[in-house]
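Asker: Here you go, this is start.tsv (TSV, C-alpha atoms).
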chain	number	residue	atom	x	y	z
A	186	MET	CA	-27.82	-6.72	-17.10
A	187	LYS	CA	-24.02	-7.04	-17.04
A	188	LYS	CA	-22.05	-4.08	-15.72
A	189	ASN	CA	-18.69	-3.46	-17.40
A	190	ILE	CA	-15.92	-1.87	-15.33
A	191	SER	CA	-13.17	-0.62	-17.65
A	192	LEU	CA	-9.73	-0.22	-16.10
A	193	ILE	CA	-6.11	0.58	-16.84
A	194	LEU	CA	-3.52	-1.02	-14.56
A	195	MET	CA	-0.38	0.99	-13.82
A	196	GLY	CA	2.39	-1.15	-12.38
A	197	VAL	CA	2.87	-4.86	-13.02
A	198	GLY	CA	5.26	-5.79	-10.25
A	199	GLY	CA	4.32	-8.39	-7.66
A	200	VAL	CA	1.00	-6.80	-6.67
A	201	GLY	CA	-0.01	-5.83	-10.21
A	202	ARG	CA	0.64	-9.32	-11.59
A	203	GLN	CA	-1.25	-10.90	-8.72
A	204	LEU	CA	-4.17	-8.56	-9.39
A	205	LEU	CA	-4.32	-9.65	-13.05
A	206	GLN	CA	-4.32	-13.29	-11.93
A	207	HIS	CA	-7.14	-12.56	-9.46
A	208	ILE	CA	-9.17	-10.82	-12.17
A	209	VAL	CA	-8.85	-13.79	-14.53
A	210	SER	CA	-9.49	-16.43	-11.85
A	211	CYS	CA	-12.60	-14.59	-10.58
A	212	ARG	CA	-14.32	-14.37	-13.98
A	213	SER	CA	-17.07	-16.88	-13.10
A	214	LEU	CA	-17.64	-15.32	-9.66
A	215	HIS	CA	-17.95	-11.83	-11.11
A	216	ALA	CA	-20.23	-13.11	-13.91
A	217	LYS	CA	-22.63	-14.40	-11.25
A	218	GLN	CA	-22.53	-10.93	-9.68
A	219	GLY	CA	-23.31	-9.34	-13.05
A	220	ILE	CA	-19.89	-7.69	-13.30
A	221	HIS	CA	-17.18	-7.85	-15.96
A	222	LEU	CA	-13.78	-6.23	-15.48
A	223	ARG	CA	-12.53	-4.90	-18.84
A	224	VAL	CA	-8.76	-4.45	-18.71
A	225	VAL	CA	-8.17	-1.99	-21.55
A	226	GLY	CA	-4.56	-1.12	-20.72
A	227	VAL	CA	-1.52	-2.17	-18.70
A	228	SER	CA	1.61	-0.10	-18.11
A	229	ASP	CA	5.03	-0.51	-16.55
A	230	SER	CA	7.74	2.10	-16.07
A	231	LYS	CA	8.83	1.88	-19.70
A	232	SER	CA	5.73	1.33	-21.80
A	233	LEU	CA	1.95	1.03	-22.09
A	234	VAL	CA	-0.02	-1.71	-23.82
A	235	VAL	CA	-3.58	-0.67	-24.64
A	236	ALA	CA	-6.43	-2.33	-26.50
A	237	SER	CA	-6.55	-1.30	-30.17
A	238	ASP	CA	-10.02	0.17	-29.60
A	239	ALA	CA	-10.48	0.89	-25.88
A	240	PHE	CA	-14.19	1.59	-26.40
A	241	THR	CA	-15.12	-1.80	-27.87
A	242	MET	CA	-12.13	-4.08	-27.16
A	243	GLU	CA	-10.17	-5.28	-24.15
A	244	LEU	CA	-6.98	-7.18	-23.42
A	245	GLY	CA	-7.97	-10.86	-23.33
A	246	ASP	CA	-7.22	-13.21	-20.46
A	247	THR	CA	-4.59	-15.13	-22.46
A	248	PHE	CA	-2.87	-11.83	-23.18
A	249	LEU	CA	-3.03	-10.81	-19.49
A	250	MET	CA	-1.41	-14.08	-18.45
A	251	GLU	CA	1.31	-13.47	-21.02
A	252	VAL	CA	1.84	-10.04	-19.42
A	253	CYS	CA	2.33	-11.76	-16.05
A	254	ARG	CA	4.81	-14.24	-17.54
A	255	VAL	CA	6.86	-11.59	-19.35
A	256	LYS	CA	7.02	-9.31	-16.30
A	257	SER	CA	7.93	-12.24	-14.02
A	258	ASP	CA	10.90	-12.83	-16.31
A	259	GLY	CA	11.94	-9.21	-15.85
A	260	ALA	CA	11.23	-8.16	-19.45
A	261	SER	CA	9.42	-5.05	-20.68
A	262	LEU	CA	5.81	-4.97	-21.83
A	263	SER	CA	7.06	-3.73	-25.20
A	264	THR	CA	8.32	-7.27	-25.96
A	265	ILE	CA	4.78	-8.70	-26.01
A	266	SER	CA	3.17	-9.42	-29.36
A	267	GLY	CA	-0.47	-8.32	-29.33
A	268	CYS	CA	-1.52	-9.90	-32.64
A	269	GLY	CA	-3.60	-6.85	-33.55
A	270	GLU	CA	-5.61	-6.66	-30.32
A	271	SER	CA	-3.28	-4.12	-28.75
A	272	LYS	CA	-0.94	-1.20	-29.36
A	273	VAL	CA	2.30	-0.44	-27.54
A	274	PHE	CA	3.36	3.08	-26.53
A	275	THR	CA	6.76	4.02	-25.14
A	276	ASN	CA	7.24	5.89	-21.87
A	277	SER	CA	7.23	9.33	-23.50
A	278	GLU	CA	3.91	8.58	-25.23
A	279	SER	CA	2.23	6.44	-22.57
A	280	THR	CA	1.16	9.24	-20.20
A	281	LYS	CA	-0.56	11.14	-23.02
A	282	LYS	CA	-2.25	7.94	-24.24
A	283	ILE	CA	-3.60	7.10	-20.78
A	284	ILE	CA	-5.05	10.62	-20.52
A	285	ASP	CA	-6.53	10.28	-24.03
A	286	VAL	CA	-8.25	7.01	-23.05
A	287	ALA	CA	-9.34	8.54	-19.73
A	288	ALA	CA	-10.87	11.53	-21.51
A	289	PHE	CA	-12.67	9.22	-23.94
A	290	LEU	CA	-13.98	6.63	-21.46
A	291	GLY	CA	-14.22	8.67	-18.24
A	292	LYS	CA	-17.31	10.59	-19.27
A	293	SER	CA	-18.89	7.77	-21.31
A	294	THR	CA	-18.48	4.18	-20.09
A	295	GLY	CA	-16.43	5.15	-17.03
A	296	LEU	CA	-12.82	4.20	-16.31
A	297	ALA	CA	-10.84	3.16	-13.25
A	298	LEU	CA	-7.12	3.92	-13.08
A	299	VAL	CA	-5.58	1.28	-10.83
A	300	ASP	CA	-2.16	2.24	-9.44
A	301	CYS	CA	-0.18	-0.77	-8.24
A	302	SER	CA	3.19	0.86	-8.90
A	303	ALA	CA	5.56	2.18	-6.26
A	304	SER	CA	6.31	5.35	-8.20
A	305	SER	CA	5.68	9.07	-7.80
A	306	GLU	CA	5.50	9.37	-11.59
A	307	THR	CA	1.84	8.30	-11.64
A	308	ILE	CA	0.75	11.43	-9.73
A	309	PRO	CA	0.31	13.75	-12.76
A	310	VAL	CA	-1.80	11.11	-14.54
A	311	LEU	CA	-3.99	10.48	-11.50
A	312	THR	CA	-4.59	14.15	-10.73
A	313	GLN	CA	-5.58	14.84	-14.36
A	314	ALA	CA	-7.83	11.76	-14.46
A	315	VAL	CA	-9.81	13.04	-11.47
A	316	ASP	CA	-11.11	15.91	-13.64
A	317	LEU	CA	-12.08	13.45	-16.36
A	318	ASP	CA	-14.63	11.68	-14.11
A	319	CYS	CA	-12.37	8.65	-13.67
A	320	CYS	CA	-12.26	6.49	-10.57
A	321	ILE	CA	-8.91	6.00	-8.82
A	322	VAL	CA	-7.91	2.79	-7.01
A	323	MET	CA	-4.50	2.71	-5.34
A	324	ALA	CA	-2.12	0.35	-3.61
A	325	ASN	CA	0.66	2.90	-4.26
A	326	LYS	CA	1.20	5.09	-1.19
A	327	LYS	CA	3.23	7.84	-2.88
A	328	PRO	CA	0.38	9.82	-4.49
A	329	LEU	CA	-1.40	10.14	-1.13
A	330	THR	CA	1.83	11.11	0.67
A	331	SER	CA	2.91	13.74	-1.84
A	332	THR	CA	2.08	17.43	-1.35
A	333	MET	CA	-1.18	18.50	0.29
A	334	GLU	CA	-2.11	20.03	-3.08
A	335	ASP	CA	-1.85	16.63	-4.80
A	336	TYR	CA	-3.65	14.93	-1.91
A	337	ASP	CA	-6.55	17.41	-1.92
A	338	LYS	CA	-6.91	16.98	-5.68
A	339	LEU	CA	-7.02	13.17	-5.46
A	340	ILE	CA	-9.66	13.13	-2.73
A	341	SER	CA	-11.75	15.95	-4.20
A	342	TYR	CA	-14.35	13.39	-5.28
A	343	PRO	CA	-14.25	10.94	-2.35
A	344	ARG	CA	-16.82	8.56	-3.83
A	345	ARG	CA	-14.51	7.96	-6.80
A	346	ILE	CA	-11.34	7.04	-4.88
A	347	ARG	CA	-10.45	3.82	-3.06
A	348	HIS	CA	-7.10	3.18	-1.38
A	349	GLU	CA	-7.61	0.49	1.24
A	350	SER	CA	-4.43	-1.33	0.21
A	351	THR	CA	-2.20	1.69	0.85
A	352	VAL	CA	-2.30	1.04	4.61
A	353	GLY	CA	-3.24	-2.50	5.58
A	354	ALA	CA	-3.09	-4.56	2.37
A	355	GLY	CA	-6.47	-6.31	2.46
A	356	LEU	CA	-7.49	-5.24	5.98
A	357	PRO	CA	-10.53	-2.91	6.26
A	358	VAL	CA	-8.64	-0.01	7.84
A	359	ILE	CA	-9.68	2.89	5.59
A	360	ALA	CA	-13.29	1.70	5.30
A	361	SER	CA	-13.59	1.35	9.09
A	362	LEU	CA	-12.15	4.82	9.71
A	363	ASN	CA	-14.41	6.37	7.07
A	364	ARG	CA	-17.48	4.80	8.71
A	365	ILE	CA	-16.43	6.09	12.13
A	366	LEU	CA	-15.76	9.59	10.81
A	367	SER	CA	-19.04	9.66	8.85
A	368	SER	CA	-20.94	8.82	12.03
A	369	GLY	CA	-19.51	11.87	13.79
A	370	ASP	CA	-17.58	9.75	16.30
A	371	PRO	CA	-14.32	11.68	16.88
A	372	VAL	CA	-11.08	9.67	16.60
A	373	HIS	CA	-8.83	10.54	19.56
A	374	ARG	CA	-5.92	8.22	18.96
A	375	ILE	CA	-4.59	5.59	16.58
A	376	ILE	CA	-1.73	3.27	17.41
A	377	GLY	CA	-0.71	0.42	15.17
A	378	SER	CA	1.91	-1.97	13.91
A	379	LEU	CA	1.63	-1.44	10.15
A	380	SER	CA	4.73	-3.21	8.87
A	381	GLY	CA	4.67	-6.98	8.57
A	382	THR	CA	8.46	-6.91	8.31
A	383	LEU	CA	9.03	-4.84	11.45
A	384	GLY	CA	6.30	-6.76	13.31
A	385	TYR	CA	8.19	-9.98	12.61
A	386	VAL	CA	11.54	-8.42	13.57
A	387	MET	CA	10.30	-7.05	16.91
A	388	SER	CA	8.52	-10.25	17.96
A	389	GLU	CA	11.62	-12.31	17.14
A	390	VAL	CA	14.09	-10.11	19.05
A	391	GLU	CA	11.66	-10.35	21.97
A	392	ASP	CA	12.50	-14.07	22.06
A	393	GLY	CA	16.16	-13.22	22.58
A	394	LYS	CA	17.41	-13.55	19.02
A	395	PRO	CA	19.97	-10.97	17.84
A	396	LEU	CA	18.62	-8.26	15.53
A	397	SER	CA	21.24	-9.11	12.88
A	398	GLN	CA	20.13	-12.75	12.79
A	399	VAL	CA	16.43	-11.84	12.68
A	400	VAL	CA	16.89	-9.38	9.80
A	401	GLN	CA	18.86	-11.95	7.81
A	402	SER	CA	16.13	-14.54	8.44
A	403	ALA	CA	13.44	-12.06	7.40
A	404	LYS	CA	15.36	-11.33	4.20
A	405	ASN	CA	15.70	-15.06	3.45
A	406	LEU	CA	11.95	-15.52	4.02
A	407	GLY	CA	11.17	-12.74	1.53
A	408	TYR	CA	9.68	-10.48	4.22
A	409	THR	CA	12.01	-7.56	3.50
A	410	GLU	CA	12.86	-5.46	0.48
A	411	PRO	CA	16.08	-6.52	-1.35
A	412	ASP	CA	17.83	-3.97	0.88
A	413	PRO	CA	16.32	-4.49	4.37
A	414	ARG	CA	17.13	-0.88	5.26
A	415	ASP	CA	14.13	0.14	3.12
A	416	ASP	CA	12.02	-1.49	5.87
A	417	LEU	CA	14.24	-0.70	8.85
A	418	SER	CA	14.24	3.04	8.03
A	419	GLY	CA	10.57	3.26	9.07
A	420	MET	CA	9.71	5.31	5.95
A	421	ASP	CA	7.08	2.84	4.75
A	422	VAL	CA	5.31	2.99	8.13
A	423	ALA	CA	5.60	6.79	8.07
A	424	ARG	CA	3.80	6.94	4.71
A	425	LYS	CA	0.98	4.79	6.10
A	426	ALA	CA	0.79	6.98	9.21
A	427	LEU	CA	0.60	10.10	7.03
A	428	ILE	CA	-2.29	8.63	5.01
A	429	LEU	CA	-4.18	7.91	8.25
A	430	ALA	CA	-3.40	11.33	9.75
A	431	ARG	CA	-4.59	13.11	6.61
A	432	LEU	CA	-7.75	11.00	6.63
A	433	LEU	CA	-8.39	12.39	10.12
A	434	GLY	CA	-8.04	15.93	8.75
A	435	ARG	CA	-4.43	16.68	9.68
A	436	CYS	CA	-2.76	18.95	7.10
A	437	ILE	CA	0.76	17.60	7.48
A	438	ASN	CA	3.58	16.28	5.28
A	439	LEU	CA	6.16	13.51	5.66
A	440	ASP	CA	8.65	16.05	7.02
A	441	ASP	CA	6.32	16.68	9.96
A	442	ILE	CA	6.44	13.04	11.12
A	443	LYS	CA	9.02	12.00	13.68
A	444	ILE	CA	10.58	8.80	12.31
A	445	GLU	CA	12.85	6.46	14.27
A	446	SER	CA	15.15	4.46	12.01
A	447	LEU	CA	16.56	1.18	13.32
A	448	TYR	CA	19.99	2.05	11.93
A	449	PRO	CA	22.12	5.23	12.25
A	450	GLU	CA	22.81	7.66	9.40
A	451	GLU	CA	26.35	6.33	8.97
A	452	MET	CA	24.82	3.01	7.82
A	453	ALA	CA	22.46	4.59	5.26
A	454	PRO	CA	22.47	3.14	1.72
A	455	SER	CA	24.23	6.27	0.42
A	456	VAL	CA	27.11	5.63	2.85
A	457	MET	CA	27.36	1.85	3.34
A	458	SER	CA	26.87	-0.97	0.84
A	459	ILE	CA	24.22	-3.61	1.53
A	460	GLU	CA	26.97	-6.23	1.84
A	461	ASP	CA	28.79	-4.23	4.52
A	462	PHE	CA	25.54	-3.48	6.33
A	463	LEU	CA	24.48	-7.13	6.53
A	464	GLY	CA	28.03	-8.34	7.08
A	465	THR	CA	29.28	-6.05	9.84
A	466	GLY	CA	27.13	-2.92	10.27
A	467	ILE	CA	24.00	-4.49	11.67
A	468	LEU	CA	26.01	-6.62	14.13
A	469	SER	CA	26.89	-3.44	16.01
A	470	LEU	CA	23.17	-2.75	16.57
A	471	ASP	CA	22.45	-6.05	18.35
A	472	LYS	CA	23.53	-4.94	21.84
A	473	ASP	CA	21.42	-1.76	21.99
A	474	ILE	CA	18.22	-3.49	20.83
A	475	GLN	CA	18.73	-6.38	23.24
A	476	GLU	CA	19.23	-3.97	26.14
A	477	ARG	CA	15.97	-2.20	25.24
A	478	VAL	CA	14.15	-5.56	25.03
A	479	SER	CA	15.47	-6.56	28.48
A	480	LYS	CA	14.53	-3.24	30.03
A	481	ALA	CA	10.98	-3.48	28.65
A	482	SER	CA	10.69	-7.06	29.92
A	483	LEU	CA	11.59	-5.97	33.46
A	484	ASN	CA	8.62	-3.58	33.28
A	485	GLY	CA	6.34	-6.38	32.08
A	486	ASN	CA	6.29	-4.86	28.62
A	487	VAL	CA	7.42	-5.63	25.07
A	488	LEU	CA	8.82	-3.49	22.25
A	489	ARG	CA	6.83	-2.90	19.09
A	490	TYR	CA	7.53	-0.69	16.08
A	491	VAL	CA	4.36	1.38	15.82
A	492	CYS	CA	2.79	4.53	14.48
A	493	VAL	CA	1.07	6.83	16.98
A	494	ILE	CA	-1.39	9.48	15.84
A	495	ASP	CA	-3.23	11.75	18.26
A	496	ALA	CA	-4.07	15.44	18.66
A	497	SER	CA	-0.48	16.49	19.31
A	498	ARG	CA	1.72	14.06	17.41
A	499	CYS	CA	2.22	11.77	14.47
A	500	GLN	CA	5.28	9.62	14.93
A	501	VAL	CA	6.67	6.18	14.12
A	502	GLY	CA	9.21	4.22	16.10
A	503	ILE	CA	9.80	1.69	18.86
A	504	GLN	CA	7.37	1.90	21.78
A	505	GLU	CA	7.22	-0.05	25.03
A	506	LEU	CA	3.75	-1.60	25.33
A	507	PRO	CA	1.94	-3.91	27.79
A	508	LYS	CA	2.37	-7.60	26.99
A	509	ASP	CA	-1.37	-8.25	27.28
A	510	SER	CA	-2.45	-5.46	24.88
A	511	PRO	CA	-3.46	-6.33	21.29
A	512	LEU	CA	-0.15	-4.91	20.06
A	513	GLY	CA	1.78	-6.66	22.82
A	514	ARG	CA	0.28	-10.02	21.86
A	515	LEU	CA	1.20	-9.48	18.21
A	516	ARG	CA	3.36	-12.23	16.74
A	517	GLY	CA	4.89	-12.71	13.32
A	518	SER	CA	4.08	-10.51	10.36
A	519	ASP	CA	0.45	-9.61	11.12
A	520	ASN	CA	-0.69	-5.99	11.29
A	521	VAL	CA	-2.65	-4.61	14.23
A	522	LEU	CA	-4.37	-1.24	14.51
A	523	GLU	CA	-6.06	0.12	17.67
A	524	ILE	CA	-8.52	2.98	17.10
A	525	TYR	CA	-9.68	5.03	20.11
A	526	THR	CA	-12.81	7.17	19.71
A	527	ARG	CA	-15.65	8.44	21.90
A	528	CYS	CA	-17.53	5.18	21.34
A	529	TYR	CA	-14.40	3.01	21.37
A	530	ASN	CA	-12.74	4.61	24.37
A	531	ASP	CA	-12.07	2.05	27.11
A	532	GLN	CA	-11.94	-0.80	24.60
A	533	PRO	CA	-10.52	0.32	21.24
A	534	LEU	CA	-11.64	-0.96	17.88
A	535	VAL	CA	-8.93	-3.48	16.96
A	536	ILE	CA	-8.23	-4.50	13.37
A	537	GLN	CA	-5.80	-7.39	12.97
A	538	GLY	CA	-4.67	-9.74	10.24
A	539	ALA	CA	-2.23	-10.27	7.41
A	540	GLY	CA	-1.11	-6.83	6.40
A	541	ALA	CA	1.47	-7.66	3.77
A	542	GLY	CA	2.07	-9.89	0.79
A	543	ASN	CA	1.26	-9.56	-2.89
A	544	ASP	CA	-1.73	-11.91	-2.72
A	545	THR	CA	-3.39	-10.13	0.21
A	546	THR	CA	-2.69	-6.68	-1.19
A	547	ALA	CA	-3.98	-7.57	-4.66
A	548	ALA	CA	-7.15	-9.03	-3.11
A	549	GLY	CA	-7.67	-5.70	-1.34
A	550	VAL	CA	-7.24	-3.81	-4.62
A	551	LEU	CA	-9.72	-6.11	-6.39
A	552	ALA	CA	-12.28	-5.58	-3.62
A	553	ASP	CA	-11.82	-1.81	-4.02
A	554	ILE	CA	-12.45	-2.07	-7.78
A	555	ILE	CA	-15.66	-4.05	-7.22
A	556	ASP	CA	-16.70	-1.49	-4.56
A	557	ILE	CA	-16.91	1.31	-7.16
A	558	GLN	CA	-19.24	-0.63	-9.48
A	559	ASP	CA	-22.20	1.68	-8.77
A	560	LEU	CA	-20.31	4.55	-10.40
A	561	PHE	CA	-20.33	2.73	-13.74
A	562	PRO	CA	-23.38	2.79	-16.07
Mind turning the file's structure into structure tokens?
Answerer:
Amino acid sequence: MKKNISLILMGVGGVGRQLLQHIVSCRSLHAKQGIHLRVVGVSDSKSLVVASDAFTMELGDTFLMEVCRVKSDGASLSTISGCGESKVFTNSESTKKIIDVAAFLGKSTGLALVDCSASSETIPVLTQAVDLDCCIVMANKKPLTSTMEDYDKLISYPRRIRHESTVGAGLPVIASLNRILSSGDPVHRIIGSLSGTLGYVMSEVEDGKPLSQVVQSAKNLGYTEPDPRDDLSGMDVARKALILARLLGRCINLDDIKIESLYPEEMAPSVMSIEDFLGTGILSLDKDIQERVSKASLNGNVLRYVCVIDASRCQVGIQELPKDSPLGRLRGSDNVLEIYTRCYNDQPLVIQGAGAGNDTTAAGVLADIIDIQDLFP
């Protein structure tokens, strides 16, 4: 018997579009597994497109590919013609409509809200949906790094939430930690390189290249955000560290995390334009980083931008690490996480692989959706 998993996708940027493409391309695979993913709604920051009758209808694959095309062109979902199979709601109406659909489907056929946005505005919808028996799947880090009140609400039904892609894209970080914690094996320490961008930057400056040149190369390769300072600030790594720390039971907020930015406050986006930063500002940072690289090398070590979580601290920044450690051997944009527990004490559990990219992240989200199939009738 075929199992239908109804879902609403929030956010159709790079990851959201890739997820829709994965869903369509995996139709035959999922059919063999007895699963069908019913996309009943898709929303962006301005509007929501939902099937005319969410109980009996869905957005067809041709329509979903049109969504991908329109969003790739930078247009709004409201410009799509649904030919009767869908209805469009503006931003002011879309939140209420999502909750209406969640209330209708959550307690009947089941519904998964899939958050691939990068917005805090999805938090009220997600927290309400939890009480409507909906499942929550997230690539968006912001809901889990909001207040402890929001966090506790979202995880109040742990079987109904999946968020693997908030930390390591498609890597099994959250699942591995949950298995360890469920076994009663205490986690003593986590140290990891959780930014593909900063992993690439640190391994390149290790080879003697100036920071300014490496950042420009990373930007040209598409590794960084449009403004590289979004990566260099360390805030993205801090959010991932907070998610891991909270998973371990730490009741802390972003303000409690010590964050080392790779640029000073006088070069912040609110003070200096991106053109001035890339043109002159970052050049002044080359000498300091190169001196730190040389000093580490004299000690037989390398520099890595990592998060460290243990009993007394949760911090992100540059650390000097042994060359022959898993983190020391890290090259390019891969992610590496070392987990130290009672069982994994002398030799940590090491998780390594591609930890960034729309394709990898979307694959992780899709795997999370399939993982909740047993919660659907």
Asker: With distances taken over all atoms listed in the file, which of A:Val273, A:Ile376, A:Ala426, A:Val456 is nearest to A:Asp229?
Answerer: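 Closest candidate: A:Val273.
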Asker: Kindly indicate which residue among A:Ala539, A:Val422, A:Leu249, A:Val372 lies nearest to A:Thr526, using all atoms listed in the file for the distances.
Answerer: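 Of all the options, A:Val372 lies closest to A:Thr526.
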Asker: Point out the residue among A:Glu391, A:Asp495, A:Glu451, A:Glu270 with the least atom-to-atom distance to A:Leu427, counting all atoms listed in the file.
Answerer: A:Asp495
Asker: Select from stretch 460-530 of chain A every residue with an atom at most 12 Å from any atom of stretch 407-411 of chain A, then for each give the shortest pair of atoms and their distance in Å to one decimal, using only C-alpha atoms, rows by chain and rising number, as JSON lines.
Answerer:
{"residue": "A:Glu460", "atom": "CA", "partner": "A:Pro411", "partner_atom": "CA", "distance": 11.4}
{"residue": "A:Leu463", "atom": "CA", "partner": "A:Pro411", "partner_atom": "CA", "distance": 11.5}
{"residue": "A:Gly517", "atom": "CA", "partner": "A:Tyr408", "partner_atom": "CA", "distance": 10.5}
{"residue": "A:Ser518", "atom": "CA", "partner": "A:Tyr408", "partner_atom": "CA", "distance": 8.3}
{"residue": "A:Asp519", "atom": "CA", "partner": "A:Tyr408", "partner_atom": "CA", "distance": 11.6}
Asker: Smallest atom-to-atom distance to A:Gly538: which of A:Cys436, A:Leu262, A:Ile208, A:Ala354, using only C-alpha atoms?
Answerer: A:Ala354
